[in-house]
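Source file final-v5.txt; content: compact mmCIF, C-alpha atoms.
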# COMPACT_ATOMS: atom_id res chain seq x y z
CA MET A 1 -97.43 -63.30 42.95
CA LYS A 2 -96.37 -65.83 40.32
CA ASN A 3 -96.50 -63.07 37.63
CA LEU A 4 -94.45 -60.71 39.81
CA PHE A 5 -91.76 -63.38 40.30
CA PHE A 6 -91.63 -64.00 36.54
CA ALA A 7 -91.22 -60.23 35.84
CA SER A 8 -88.34 -59.99 38.34
CA PHE A 9 -86.62 -62.95 36.78
CA CYS A 10 -86.86 -61.40 33.29
CA ILE A 11 -85.30 -58.15 34.53
CA LEU A 12 -82.46 -60.07 36.15
CA VAL A 13 -81.81 -61.93 32.89
CA LEU A 14 -81.85 -58.65 30.93
CA VAL A 15 -79.40 -57.02 33.36
CA ALA A 16 -77.17 -60.07 33.15
CA CYS A 17 -77.24 -59.87 29.33
CA ASN A 18 -76.26 -56.18 29.38
CA ARG A 19 -73.37 -56.81 31.77
CA SER A 20 -72.11 -59.59 29.56
CA GLU A 21 -72.26 -57.40 26.40
CA LYS A 22 -70.43 -54.59 28.19
CA THR A 23 -67.61 -56.94 29.31
CA GLN A 24 -67.21 -58.17 25.74
CA GLU A 25 -67.12 -54.56 24.44
CA ASN A 26 -64.52 -53.58 27.04
CA SER A 27 -62.27 -56.44 26.04
CA LYS A 28 -61.85 -55.00 22.52
CA LYS A 29 -58.60 -53.00 22.50
CA LYS A 30 -58.70 -49.41 21.30
CA ILE A 31 -56.29 -47.36 19.23
CA ALA A 32 -56.47 -43.56 19.00
CA VAL A 33 -55.42 -41.81 15.79
CA ILE A 34 -54.50 -38.19 16.53
CA ILE A 35 -53.90 -36.10 13.39
CA SER A 36 -52.45 -32.57 13.18
CA THR A 37 -55.20 -31.32 10.87
CA LEU A 38 -58.07 -32.82 8.92
CA ASN A 39 -58.31 -29.64 6.87
CA ASN A 40 -55.79 -31.12 4.41
CA PRO A 41 -56.81 -34.16 2.33
CA TRP A 42 -53.32 -35.66 2.67
CA PHE A 43 -53.67 -35.90 6.44
CA VAL A 44 -57.25 -37.16 6.12
CA PHE A 45 -55.88 -40.00 4.01
CA LEU A 46 -53.08 -40.67 6.53
CA GLY A 47 -55.54 -40.82 9.44
CA GLU A 48 -58.08 -42.97 7.63
CA GLU A 49 -55.45 -45.43 6.45
CA ALA A 50 -54.06 -45.74 9.99
CA ALA A 51 -57.54 -46.33 11.43
CA SER A 52 -58.44 -48.76 8.68
CA LYS A 53 -55.31 -50.88 9.23
CA ALA A 54 -55.86 -50.87 13.00
CA GLN A 55 -59.48 -52.01 12.48
CA GLU A 56 -58.27 -54.73 10.14
CA LEU A 57 -55.99 -55.89 12.96
CA GLY A 58 -59.01 -56.12 15.27
CA TYR A 59 -58.97 -52.80 17.10
CA GLU A 60 -61.61 -50.22 17.78
CA THR A 61 -60.40 -46.82 16.54
CA LYS A 62 -61.18 -43.15 16.93
CA ILE A 63 -59.72 -40.29 14.86
CA PHE A 64 -59.02 -36.96 16.58
CA ASP A 65 -58.40 -33.69 14.70
CA SER A 66 -55.89 -31.35 16.43
CA GLN A 67 -56.63 -28.50 13.98
CA ASN A 68 -52.92 -27.59 14.03
CA ASN A 69 -53.34 -26.54 17.66
CA THR A 70 -51.09 -28.05 20.34
CA ALA A 71 -53.58 -27.15 23.10
CA LEU A 72 -56.33 -29.10 21.34
CA GLU A 73 -53.84 -31.90 20.71
CA ALA A 74 -53.14 -31.98 24.48
CA ASP A 75 -56.89 -32.35 25.12
CA HIS A 76 -57.01 -35.29 22.71
CA PHE A 77 -54.13 -36.98 24.55
CA ASP A 78 -55.92 -36.44 27.90
CA ASN A 79 -59.04 -37.91 26.37
CA ALA A 80 -57.12 -40.92 24.99
CA ILE A 81 -55.41 -41.54 28.35
CA VAL A 82 -58.61 -41.23 30.41
CA SER A 83 -60.63 -43.32 27.94
CA GLY A 84 -58.14 -46.18 28.22
CA PHE A 85 -56.83 -46.33 24.66
CA ASP A 86 -54.13 -48.99 24.27
CA ALA A 87 -51.96 -47.15 21.71
CA ILE A 88 -51.81 -43.83 19.87
CA LEU A 89 -50.98 -43.40 16.18
CA PHE A 90 -49.86 -39.82 16.11
CA ASN A 91 -49.26 -37.12 13.53
CA PRO A 92 -47.80 -34.27 15.63
CA THR A 93 -48.65 -30.61 15.36
CA ASP A 94 -45.29 -29.29 16.55
CA ALA A 95 -41.88 -30.99 16.73
CA ASP A 96 -41.14 -29.43 20.12
CA GLY A 97 -44.60 -28.57 21.45
CA SER A 98 -45.94 -32.10 20.98
CA ILE A 99 -43.20 -33.82 23.02
CA VAL A 100 -44.94 -33.16 26.33
CA ASN A 101 -48.12 -34.86 25.07
CA VAL A 102 -46.23 -37.93 23.92
CA LYS A 103 -44.40 -38.12 27.26
CA ARG A 104 -47.69 -37.90 29.15
CA ALA A 105 -49.02 -40.87 27.21
CA LYS A 106 -45.77 -42.76 27.74
CA ASN A 107 -45.98 -42.14 31.51
CA ALA A 108 -49.53 -43.50 31.41
CA GLY A 109 -48.18 -46.66 29.77
CA ILE A 110 -49.59 -45.89 26.31
CA PRO A 111 -47.17 -46.30 23.38
CA VAL A 112 -47.13 -43.54 20.76
CA PHE A 113 -46.12 -44.11 17.14
CA CYS A 114 -45.42 -40.91 15.17
CA MET A 115 -46.43 -40.85 11.52
CA ASP A 116 -44.97 -38.50 8.90
CA ARG A 117 -44.13 -35.67 11.31
CA GLU A 118 -41.28 -35.91 13.76
CA ILE A 119 -40.91 -34.87 17.39
CA ASN A 120 -37.54 -33.65 18.67
CA SER A 121 -37.09 -36.38 21.22
CA SER A 122 -35.43 -39.74 20.87
CA ASP A 123 -37.01 -41.31 23.96
CA ALA A 124 -40.63 -40.20 24.04
CA ALA A 125 -42.32 -41.97 21.12
CA THR A 126 -41.97 -45.76 20.79
CA SER A 127 -41.09 -45.28 17.12
CA GLN A 128 -41.30 -42.55 14.46
CA ILE A 129 -42.13 -43.52 10.88
CA LEU A 130 -41.20 -40.55 8.72
CA SER A 131 -40.85 -39.59 5.07
CA ASP A 132 -37.24 -39.02 4.04
CA SER A 133 -38.11 -35.40 3.29
CA TYR A 134 -34.53 -34.19 2.98
CA SER A 135 -33.60 -36.70 0.27
CA GLY A 136 -36.89 -36.08 -1.53
CA SER A 137 -36.15 -32.37 -1.63
CA VAL A 138 -32.63 -32.97 -2.91
CA SER A 139 -34.21 -34.72 -5.91
CA ILE A 140 -36.68 -31.87 -6.37
CA GLY A 141 -33.84 -29.31 -6.07
CA ALA A 142 -31.80 -31.07 -8.78
CA TYR A 143 -34.83 -31.20 -11.11
CA PHE A 144 -35.66 -27.56 -10.27
CA ALA A 145 -32.14 -26.40 -11.23
CA LYS A 146 -32.30 -28.39 -14.46
CA GLN A 147 -35.75 -27.03 -15.40
CA LEU A 148 -34.59 -23.45 -14.85
CA ASN A 149 -31.28 -24.01 -16.66
CA LYS A 150 -29.54 -23.03 -13.40
CA LYS A 151 -30.69 -19.41 -13.49
CA GLY A 152 -33.69 -17.32 -12.56
CA ASN A 153 -35.56 -15.72 -9.67
CA TYR A 154 -37.65 -17.91 -7.42
CA VAL A 155 -39.88 -17.87 -4.37
CA GLU A 156 -39.99 -20.40 -1.54
CA LEU A 157 -43.12 -21.03 0.50
CA LEU A 158 -42.36 -22.73 3.81
CA GLY A 159 -44.71 -24.85 5.90
CA LEU A 160 -45.23 -24.59 9.65
CA VAL A 161 -42.06 -23.20 11.22
CA GLY A 162 -42.42 -25.58 14.19
CA ASP A 163 -42.48 -28.70 12.03
CA ASN A 164 -39.22 -30.48 11.19
CA ASN A 165 -40.50 -31.45 7.74
CA THR A 166 -40.58 -27.74 6.88
CA TRP A 167 -36.83 -27.45 7.47
CA ALA A 168 -35.87 -30.89 6.15
CA ARG A 169 -37.56 -30.00 2.85
CA SER A 170 -36.18 -26.48 2.72
CA ASN A 171 -32.64 -27.58 3.65
CA GLY A 172 -32.64 -30.49 1.19
CA PHE A 173 -33.78 -28.14 -1.59
CA HIS A 174 -31.21 -25.46 -0.72
CA SER A 175 -28.40 -28.03 -0.45
CA VAL A 176 -28.77 -28.26 -4.24
CA VAL A 177 -30.00 -24.90 -5.56
CA ASP A 178 -27.61 -22.80 -3.47
CA ASN A 179 -24.75 -24.22 -5.54
CA TYR A 180 -25.98 -22.16 -8.51
CA PRO A 181 -25.28 -18.43 -8.20
CA GLY A 182 -27.71 -17.80 -11.07
CA LEU A 183 -30.66 -19.02 -9.00
CA LYS A 184 -31.84 -16.18 -6.77
CA MET A 185 -34.43 -16.55 -4.03
CA VAL A 186 -36.32 -13.23 -4.08
CA ALA A 187 -38.78 -14.14 -1.31
CA GLN A 188 -39.12 -16.82 1.35
CA GLN A 189 -42.23 -16.86 3.48
CA ASN A 190 -44.18 -19.37 5.52
CA ALA A 191 -47.72 -20.33 4.52
CA ASP A 192 -48.23 -23.05 7.15
CA PHE A 193 -48.84 -25.88 4.65
CA ASP A 194 -52.19 -24.21 3.96
CA ARG A 195 -53.66 -23.61 0.51
CA SER A 196 -55.62 -20.44 1.36
CA LYS A 197 -52.69 -18.90 3.18
CA ALA A 198 -50.35 -19.78 0.29
CA LEU A 199 -52.74 -18.05 -2.13
CA GLU A 200 -52.78 -14.94 0.04
CA VAL A 201 -48.98 -14.92 0.65
CA MET A 202 -48.21 -15.56 -3.02
CA GLU A 203 -50.52 -12.75 -4.18
CA SER A 204 -48.61 -10.25 -2.09
CA ILE A 205 -45.19 -11.67 -3.13
CA ILE A 206 -46.15 -11.37 -6.80
CA GLN A 207 -46.98 -7.70 -6.32
CA ALA A 208 -43.52 -6.99 -4.88
CA ASN A 209 -41.63 -9.42 -7.17
CA PRO A 210 -43.31 -9.79 -10.55
CA ASP A 211 -40.09 -11.06 -12.17
CA ILE A 212 -40.05 -14.69 -11.01
CA GLN A 213 -39.57 -17.94 -12.88
CA ALA A 214 -40.38 -20.56 -10.24
CA VAL A 215 -41.91 -21.31 -6.84
CA PHE A 216 -40.81 -24.11 -4.52
CA CYS A 217 -43.47 -25.06 -1.97
CA GLY A 218 -43.01 -27.26 1.09
CA ASN A 219 -46.22 -29.14 0.33
CA ASP A 220 -48.81 -29.66 -2.39
CA SER A 221 -51.58 -27.63 -0.75
CA MET A 222 -49.32 -24.57 -0.86
CA ALA A 223 -48.32 -25.43 -4.43
CA MET A 224 -51.98 -25.35 -5.47
CA GLY A 225 -52.51 -22.07 -3.59
CA ALA A 226 -49.42 -20.56 -5.29
CA TYR A 227 -50.61 -21.80 -8.69
CA GLN A 228 -54.02 -20.21 -8.11
CA ALA A 229 -52.32 -16.88 -7.30
CA LEU A 230 -50.22 -17.14 -10.47
CA VAL A 231 -53.35 -17.85 -12.54
CA GLY A 232 -54.95 -14.75 -11.01
CA ALA A 233 -51.92 -12.67 -11.97
CA GLY A 234 -51.78 -14.13 -15.50
CA MET A 235 -48.35 -15.68 -14.77
CA ALA A 236 -49.23 -19.38 -14.61
CA ASP A 237 -47.69 -20.21 -17.99
CA SER A 238 -44.34 -18.55 -17.28
CA VAL A 239 -43.73 -19.63 -13.66
CA LYS A 240 -42.95 -23.26 -12.75
CA VAL A 241 -44.45 -24.52 -9.49
CA PHE A 242 -42.92 -27.35 -7.46
CA GLY A 243 -44.68 -29.08 -4.57
CA PHE A 244 -44.17 -31.92 -2.12
CA ASP A 245 -46.61 -34.68 -1.02
CA GLY A 246 -48.14 -36.39 -4.03
CA ALA A 247 -51.70 -35.19 -3.35
CA ASP A 248 -54.42 -36.07 -5.87
CA ASP A 249 -54.97 -32.55 -7.25
CA VAL A 250 -51.23 -32.05 -7.81
CA VAL A 251 -50.81 -35.42 -9.53
CA ASP A 252 -53.65 -34.32 -11.87
CA ALA A 253 -52.05 -30.87 -12.27
CA ILE A 254 -48.70 -32.45 -13.26
CA GLN A 255 -50.52 -34.49 -15.90
CA GLU A 256 -52.15 -31.29 -17.17
CA GLY A 257 -48.82 -29.42 -17.20
CA LYS A 258 -49.86 -26.95 -14.49
CA ILE A 259 -47.40 -28.07 -11.80
CA ALA A 260 -43.79 -29.00 -12.68
CA ALA A 261 -43.05 -31.67 -10.05
CA THR A 262 -43.75 -33.00 -6.59
CA GLY A 263 -42.14 -35.39 -4.13
CA MET A 264 -44.38 -38.45 -3.77
CA GLN A 265 -44.78 -39.51 -0.17
CA PHE A 266 -46.32 -42.80 0.84
CA PRO A 267 -48.78 -42.08 3.68
CA LYS A 268 -50.32 -45.54 3.38
CA VAL A 269 -46.93 -47.16 4.07
CA MET A 270 -46.39 -44.93 7.12
CA ALA A 271 -49.92 -45.38 8.45
CA GLU A 272 -49.96 -49.16 8.01
CA ARG A 273 -46.50 -49.58 9.54
CA ALA A 274 -47.55 -47.49 12.57
CA ALA A 275 -50.69 -49.62 13.06
CA ILE A 276 -48.69 -52.86 12.71
CA PHE A 277 -46.14 -51.58 15.26
CA ALA A 278 -48.95 -50.69 17.69
CA ASP A 279 -50.41 -54.18 17.30
CA GLN A 280 -46.98 -55.74 17.88
CA TYR A 281 -46.45 -53.57 20.96
CA ILE A 282 -49.83 -54.53 22.42
CA LYS A 283 -48.91 -58.18 21.85
CA GLY A 284 -45.64 -57.78 23.77
CA LYS A 285 -42.91 -56.60 21.40
CA ARG A 286 -40.75 -53.82 22.82
CA ASP A 287 -37.69 -53.35 20.58
CA PHE A 288 -38.60 -50.85 17.86
CA ALA A 289 -36.24 -48.69 15.78
CA GLN A 290 -36.62 -45.11 16.96
CA LYS A 291 -36.80 -43.75 13.41
CA ILE A 292 -37.93 -45.49 10.24
CA PRO A 293 -37.49 -43.36 7.09
CA VAL A 294 -39.83 -43.90 4.13
CA ALA A 295 -38.57 -43.07 0.62
CA VAL A 296 -39.89 -40.04 -1.29
CA GLU A 297 -39.94 -40.26 -5.10
CA LEU A 298 -39.70 -37.42 -7.62
CA VAL A 299 -42.81 -37.16 -9.83
CA THR A 300 -42.62 -35.12 -13.04
CA ALA A 301 -44.55 -34.97 -16.32
CA LYS A 302 -42.23 -37.70 -17.60
CA ASN A 303 -43.13 -40.36 -15.01
CA VAL A 304 -46.47 -39.17 -13.57
CA SER A 305 -48.34 -41.94 -15.38
CA ASN A 306 -46.62 -44.44 -13.03
CA TYR A 307 -48.15 -42.82 -9.95
CA ALA A 308 -51.54 -42.43 -8.32
CA ALA A 309 -52.26 -39.90 -5.61
CA TYR A 310 -50.73 -40.54 -2.18
CA GLY A 311 -48.46 -43.22 -3.65
CA GLU A 312 -51.34 -45.71 -3.94
CA MET B 1 -33.27 -17.52 6.09
CA LEU B 2 -32.66 -17.74 9.84
CA GLY B 3 -34.40 -21.10 9.99
CA TYR B 4 -32.18 -22.45 7.25
CA PHE B 5 -29.16 -22.11 9.51
CA SER B 6 -30.96 -23.09 12.69
CA ILE B 7 -30.21 -26.80 12.72
CA THR B 8 -27.10 -28.57 13.91
CA ILE B 9 -26.30 -32.29 13.96
CA ARG B 10 -24.66 -34.05 16.89
CA PRO B 11 -23.70 -37.66 17.52
CA ILE B 12 -26.30 -39.39 19.70
CA GLY B 13 -23.76 -40.13 22.43
CA ASP B 14 -23.15 -36.43 23.09
CA PRO B 15 -24.83 -35.22 26.25
CA LEU B 16 -27.04 -32.19 25.55
CA GLY B 17 -25.24 -29.95 28.00
CA GLU B 18 -21.84 -30.26 26.35
CA GLN B 19 -20.80 -27.86 23.65
CA THR B 20 -19.11 -30.46 21.44
CA THR B 21 -20.39 -30.25 17.89
CA PHE B 22 -20.36 -32.71 15.06
CA ASP B 23 -17.60 -31.97 12.54
CA ALA B 24 -19.36 -32.75 9.26
CA GLU B 25 -16.30 -31.93 7.15
CA GLU B 26 -14.10 -34.36 9.08
CA TYR B 27 -16.79 -37.04 8.97
CA ALA B 28 -17.21 -36.63 5.18
CA GLU B 29 -13.46 -36.65 4.55
CA ASN B 30 -13.00 -39.84 6.54
CA LEU B 31 -15.92 -41.45 4.74
CA LEU B 32 -14.69 -40.48 1.28
CA LYS B 33 -10.99 -41.15 1.78
CA SER B 34 -10.95 -44.14 4.13
CA VAL B 35 -14.27 -45.87 4.72
CA LEU B 36 -15.58 -45.85 1.15
CA PRO B 37 -12.35 -46.98 -0.63
CA ASN B 38 -12.08 -49.87 1.81
CA ASN B 39 -15.47 -51.04 0.58
CA TYR B 40 -14.84 -50.88 -3.17
CA ASP B 41 -14.37 -54.65 -3.21
CA ASN B 42 -18.01 -54.98 -2.18
CA ALA B 43 -19.19 -53.22 -5.35
CA ILE B 44 -20.90 -55.39 -7.95
CA PRO B 45 -19.35 -55.22 -11.47
CA LEU B 46 -21.73 -53.30 -13.75
CA ASN B 47 -22.05 -56.08 -16.33
CA GLU B 48 -22.99 -58.60 -13.62
CA LEU B 49 -25.65 -56.28 -12.24
CA VAL B 50 -27.15 -55.59 -15.69
CA ALA B 51 -27.28 -59.34 -16.40
CA GLN B 52 -28.79 -60.14 -13.00
CA LEU B 53 -31.44 -57.41 -13.38
CA LYS B 54 -32.51 -58.94 -16.69
CA ILE B 55 -32.73 -62.47 -15.27
CA ASP B 56 -34.31 -61.79 -11.88
CA SER B 57 -34.60 -58.18 -10.75
CA ASP B 58 -36.08 -59.09 -7.34
CA THR B 59 -33.03 -61.16 -6.47
CA ALA B 60 -30.71 -58.44 -7.79
CA PHE B 61 -32.35 -55.85 -5.55
CA GLN B 62 -32.41 -58.20 -2.59
CA LYS B 63 -28.78 -59.20 -2.95
CA TRP B 64 -27.05 -55.99 -4.07
CA SER B 65 -29.13 -52.90 -3.37
CA ASN B 66 -29.02 -50.66 -0.34
CA ALA B 67 -31.73 -48.35 0.93
CA ILE B 68 -32.00 -46.49 4.18
CA ALA B 69 -35.67 -45.80 3.66
CA LEU B 70 -38.66 -48.13 3.29
CA GLY B 71 -39.97 -48.17 -0.28
CA ASP B 72 -39.42 -49.43 -3.79
CA VAL B 73 -36.17 -47.57 -4.47
CA GLY B 74 -32.83 -49.37 -4.14
CA TYR B 75 -29.30 -48.09 -4.75
CA PHE B 76 -26.31 -50.08 -5.96
CA LEU B 77 -22.60 -49.64 -5.44
CA ILE B 78 -21.12 -50.66 -8.81
CA SER B 79 -17.66 -50.90 -10.33
CA THR B 80 -16.55 -50.73 -13.94
CA SER B 81 -13.92 -49.24 -16.23
CA GLY B 82 -14.03 -48.14 -19.86
CA ILE B 83 -13.54 -45.33 -22.33
CA VAL B 84 -15.12 -41.89 -22.08
CA SER B 85 -17.03 -41.32 -25.29
CA GLU B 86 -18.82 -38.03 -24.54
CA ILE B 87 -18.22 -35.13 -22.16
CA ASN B 88 -21.38 -33.13 -21.49
CA GLU B 89 -22.16 -30.24 -19.15
CA ASN B 90 -23.28 -32.36 -16.21
CA GLU B 91 -22.17 -35.87 -17.11
CA VAL B 92 -19.75 -38.00 -19.05
CA LEU B 93 -20.75 -41.04 -21.05
CA LEU B 94 -18.56 -44.03 -20.38
CA VAL B 95 -18.62 -47.10 -22.62
CA ASP B 96 -17.34 -49.85 -20.39
CA ARG B 97 -15.27 -52.84 -21.41
CA ASN B 98 -18.44 -54.91 -21.87
CA ASN B 99 -19.90 -52.27 -24.19
CA ILE B 100 -22.42 -51.03 -21.64
CA ASP B 101 -23.21 -47.28 -21.64
CA ALA B 102 -22.79 -45.69 -18.22
CA HIS B 103 -23.82 -42.06 -17.65
CA LEU B 104 -21.62 -40.66 -14.88
CA GLN B 105 -22.80 -37.58 -13.05
CA THR B 106 -19.98 -35.06 -12.78
CA GLU B 107 -21.40 -31.74 -11.63
CA PHE B 108 -22.50 -32.23 -8.05
CA ILE B 109 -22.67 -35.55 -6.25
CA TYR B 110 -24.92 -35.15 -3.26
CA GLY B 111 -24.35 -36.87 0.04
CA ASN B 112 -27.44 -39.00 -0.37
CA ALA B 113 -25.87 -40.82 -3.33
CA ILE B 114 -23.01 -42.10 -1.19
CA ARG B 115 -25.24 -42.67 1.82
CA ASP B 116 -27.76 -44.69 -0.14
CA ALA B 117 -25.51 -46.57 -2.55
CA SER B 118 -22.80 -47.57 -0.09
CA GLY B 119 -25.03 -48.62 2.78
CA LEU B 120 -22.22 -47.43 5.06
CA ILE B 121 -24.10 -44.73 6.95
CA ASP B 122 -26.62 -45.54 9.62
CA ASN B 123 -29.20 -42.84 10.40
CA LYS B 124 -29.29 -44.05 13.99
CA GLU B 125 -25.79 -42.59 14.46
CA PHE B 126 -27.23 -39.10 14.37
CA ARG B 127 -29.97 -36.93 15.69
CA ILE B 128 -30.95 -33.40 14.71
CA LEU B 129 -31.30 -30.71 17.32
CA ARG B 130 -32.87 -27.32 16.76
CA ILE B 131 -30.84 -24.59 18.47

As structure tokens, the full file:
Amino acid sequence: MKNLFFASFCILVLVACNRSEKTQENSKKKIAVIISTLNNPWFVFLGEEAASKAQELGYETKIFDSQNNTALEADHFDNAIVSGFDAILFNPTDADGSIVNVKRAKNAGIPVFCMDREINSSDAATSQILSDSYSGSVSIGAYFAKQLNKKGNYVELLGLVGDNNTWARSNGFHSVVDNYPGLKMVAQQNADFDRSKALEVMESIIQANPDIQAVFCGNDSMAMGAYQALVGAGMADSVKVFGFDGADDVVDAIQEGKIAATGMQFPKVMAERAAIFADQYIKGKRDFAQKIPVAVELVTAKNVSNYAAYGE
Amino acid sequence: MLGYFSITIRPIGDPLGEQTTFDAEEYAENLLKSVLPNNYDNAIPLNELVAQLKIDSDTAFQKWSNAIALGDVGYFLISTSGIVSEINENEVLLVDRNNIDAHLQTEFIYGNAIRDASGLIDNKEFRILRI
């Protein structure tokens, strides 16, 4: 009987210990990091930096991959809401299609901080920290015109048509190059910010338009895909390729003379700022600027030695 | 090309349902002819800026530069006068009265230059709507 009593006591103590651990675990606040796609190293870096800064600030984090699919993104938001996350650091899949997800989180009392990609709503996200893509592309456009001596045929590869960065970059670029009648765009096609798709699209463009002098791409993954297609067609030495992002392979390619220029974004700045904002929100701050632009810098062969990938 | 023309800009105060559109030409004309000239007195003389940058660049950036975006890039609104010594395709070289060379861009001056250097335009005044 004495032994039985002792065994019961031990079980009670064990149960009590478990309950206590669980309460402690529950008290740790959680931040979800929802990223449009982890199939692109630039976004992997953005997500990891956001998670890392949030962890440094004392939060538990989880990274979700939306695979460029708004339906999957919606599932991640449902998951984050049901699981009781305290804030969401968000890289949207679609400027319009992602609004409903952000609003659902907002209605559930969870603040959302957009990183790098914008949503077309000024009252859904708590704040949006975005690259100044338009200005960055103006700089690229000016360098592009100079490199081509204001004349020549060129191709433009666009990103995802539903993403505002696609149009901010394209419009910034055209605000410069369209001033030169000698610069003729012979093809403009979307390749969804994807390297494989850019390779495929560029291969077919080259077949229809072999007389080209340059390619402007809305991101670096597409620039690398376009370059690969040009290598395959034996045109890599005569066609200048311009990207946007500042990804590691393009920074290397600029050093090697394979890519002409890119617009360096600073994902670490955006990710860290979003995590800091989330922390401030959780601690009670409520007045955040709706949009915070982050500068984009032109990187060419002349200044590439001053830069590391992703603006690090 | 459709997408290129598929964006319009409206002042934030405009209700969505109304058909009023932002008149960019009028806005730019007012900025260039009224707002900007009224702020020329706020420009730092070029020789002072050059001297300050040599002594303490951090203070020079902190005190005189403007930037809409977060980052390491700052823009300055400067004033000077001098003699044009070279006229090139896209720029003129001005040697100012303190013997400082100033390369002045003459071909196209993009809106960002005025936006960033003057510090007179606030992004929060606008929003972009896809139509």

Quick one: everything within 7 Å of stretch 221-226 of chain A, counting only C-alpha atoms, minus sequence neighbours fewer than 2 positions away in the same chain. Send it as a list of chain:residue names.
A:Phe193, A:Asp194, A:Arg195, A:Ser196, A:Ala198, A:Leu199, A:Met202, A:Cys217, A:Asn219, A:Gln228, A:Ala229, A:Leu230, A:Val241, A:Phe242, A:Gly243

Please identify every residue of chain A that has at least one atom no more than 7 Å from any atom of chain B, counting all atoms listed in the file, and report them as JSON, numbers by chain.
{"A": [132, 135, 167, 171, 292, 293, 294, 295]}

I want to know what sits within 10 Å of stretch 85-87 of chain A, based on all atoms listed in the file, with residues of the same chain fewer than 2 positions away left out; could you give that as a ChimeraX atom specification?
/A:28-33,59-62,77,79-83,89-90,105-106,109-113,275,277-279,281-282

Taking 5 positions as the minimum chain separation for residues in the same chain, which residues sit within 8 Å of stretch 303-305 of chain A when counting all atoms listed in the file? Answer as a list in words.
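Contacts, in chain order: Val251, Ile254 and Gln255 of chain A.
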
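What separates atom CA of A:Val239 from atom CA of A:Val215 is a distance of 7.3 Å.
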
Given the point (-38.0, -44.3, 17.2) in the coordinates of this file, which residues lie within 12 Å, counting all atoms listed in the file, and how would they look as a VMD selection string?
(chain A and resid 111 to 115 118 to 130 274 277 286 to 293) or (chain B and resid 123 to 124 127)

Within 9 Å of A:Asp245, counting all atoms listed in the file, which residues qualify if same-chain residues fewer than 4 places away don't, as a list of chain:residue names?
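Skipping anything fewer than 4 positions along the chain leaves A:Trp42, A:Gly218, A:Asn219, A:Asp220, A:Ser221, A:Val250, A:Thr262, A:Gly263, A:Met264, A:Gln265, A:Phe266, A:Val296, A:Ala309, A:Tyr310.
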
Keeping only C-alpha atoms, write the selected residues to a file as a PDB file, in the frame of the given file.
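Dumped everything to part-v7.pdb:
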ATOM      1  CA  TRP A  42     -53.320 -35.660   2.670  1.00  0.00           C
ATOM      2  CA  GLY A 218     -43.010 -27.260   1.090  1.00  0.00           C
ATOM      3  CA  ASN A 219     -46.220 -29.140   0.330  1.00  0.00           C
ATOM      4  CA  ASP A 220     -48.810 -29.660  -2.390  1.00  0.00           C
ATOM      5  CA  SER A 221     -51.580 -27.630  -0.750  1.00  0.00           C
ATOM      6  CA  VAL A 250     -51.230 -32.050  -7.810  1.00  0.00           C
ATOM      7  CA  THR A 262     -43.750 -33.000  -6.590  1.00  0.00           C
ATOM      8  CA  GLY A 263     -42.140 -35.390  -4.130  1.00  0.00           C
ATOM      9  CA  MET A 264     -44.380 -38.450  -3.770  1.00  0.00           C
ATOM     10  CA  GLN A 265     -44.780 -39.510  -0.170  1.00  0.00           C
ATOM     11  CA  PHE A 266     -46.320 -42.800   0.840  1.00  0.00           C
ATOM     12  CA  VAL A 296     -39.890 -40.040  -1.290  1.00  0.00           C
ATOM     13  CA  ALA A 309     -52.260 -39.900  -5.610  1.00  0.00           C
ATOM     14  CA  TYR A 310     -50.730 -40.540  -2.180  1.00  0.00           C
TER      15      TYR A 310
END

Gap from atom CA of A:Ala54 to atom CA of A:Ile276 - Å, one decimal:
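Taking atom CA of A:Ala54 as the start and atom CA of A:Ile276 as the end point, the length is 7.4 Å.
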
Between atom CA of A:Val138 and atom CA of A:Glu156, distance in Å (one decimal):
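Answer for the atom CA of A:Val138 to atom CA of A:Glu156 separation: 14.6 Å.
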
Could you give me, as a PyMOL selection string, the residues within 6 Å of stretch 42-55 of chain B, counting only C-alpha atoms and dropping anything in the same chain fewer than 4 positions from it?
chain B and resi 60+77-80

For each of B:Leu94, B:Ile114, B:Leu31, B:Ile100, take the minimum atom-to-atom distance to B:Tyr75, counting only C-alpha atoms, then give the residue where this is smallest.
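For B:Tyr75, the nearest of the given residues is B:Ile114.
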
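Remark: for A:Ala260, the closest of the candidate residues A:Arg169, A:Lys283, A:Lys302, A:Lys151 is A:Lys302 (distances computed over all atoms listed in the file).
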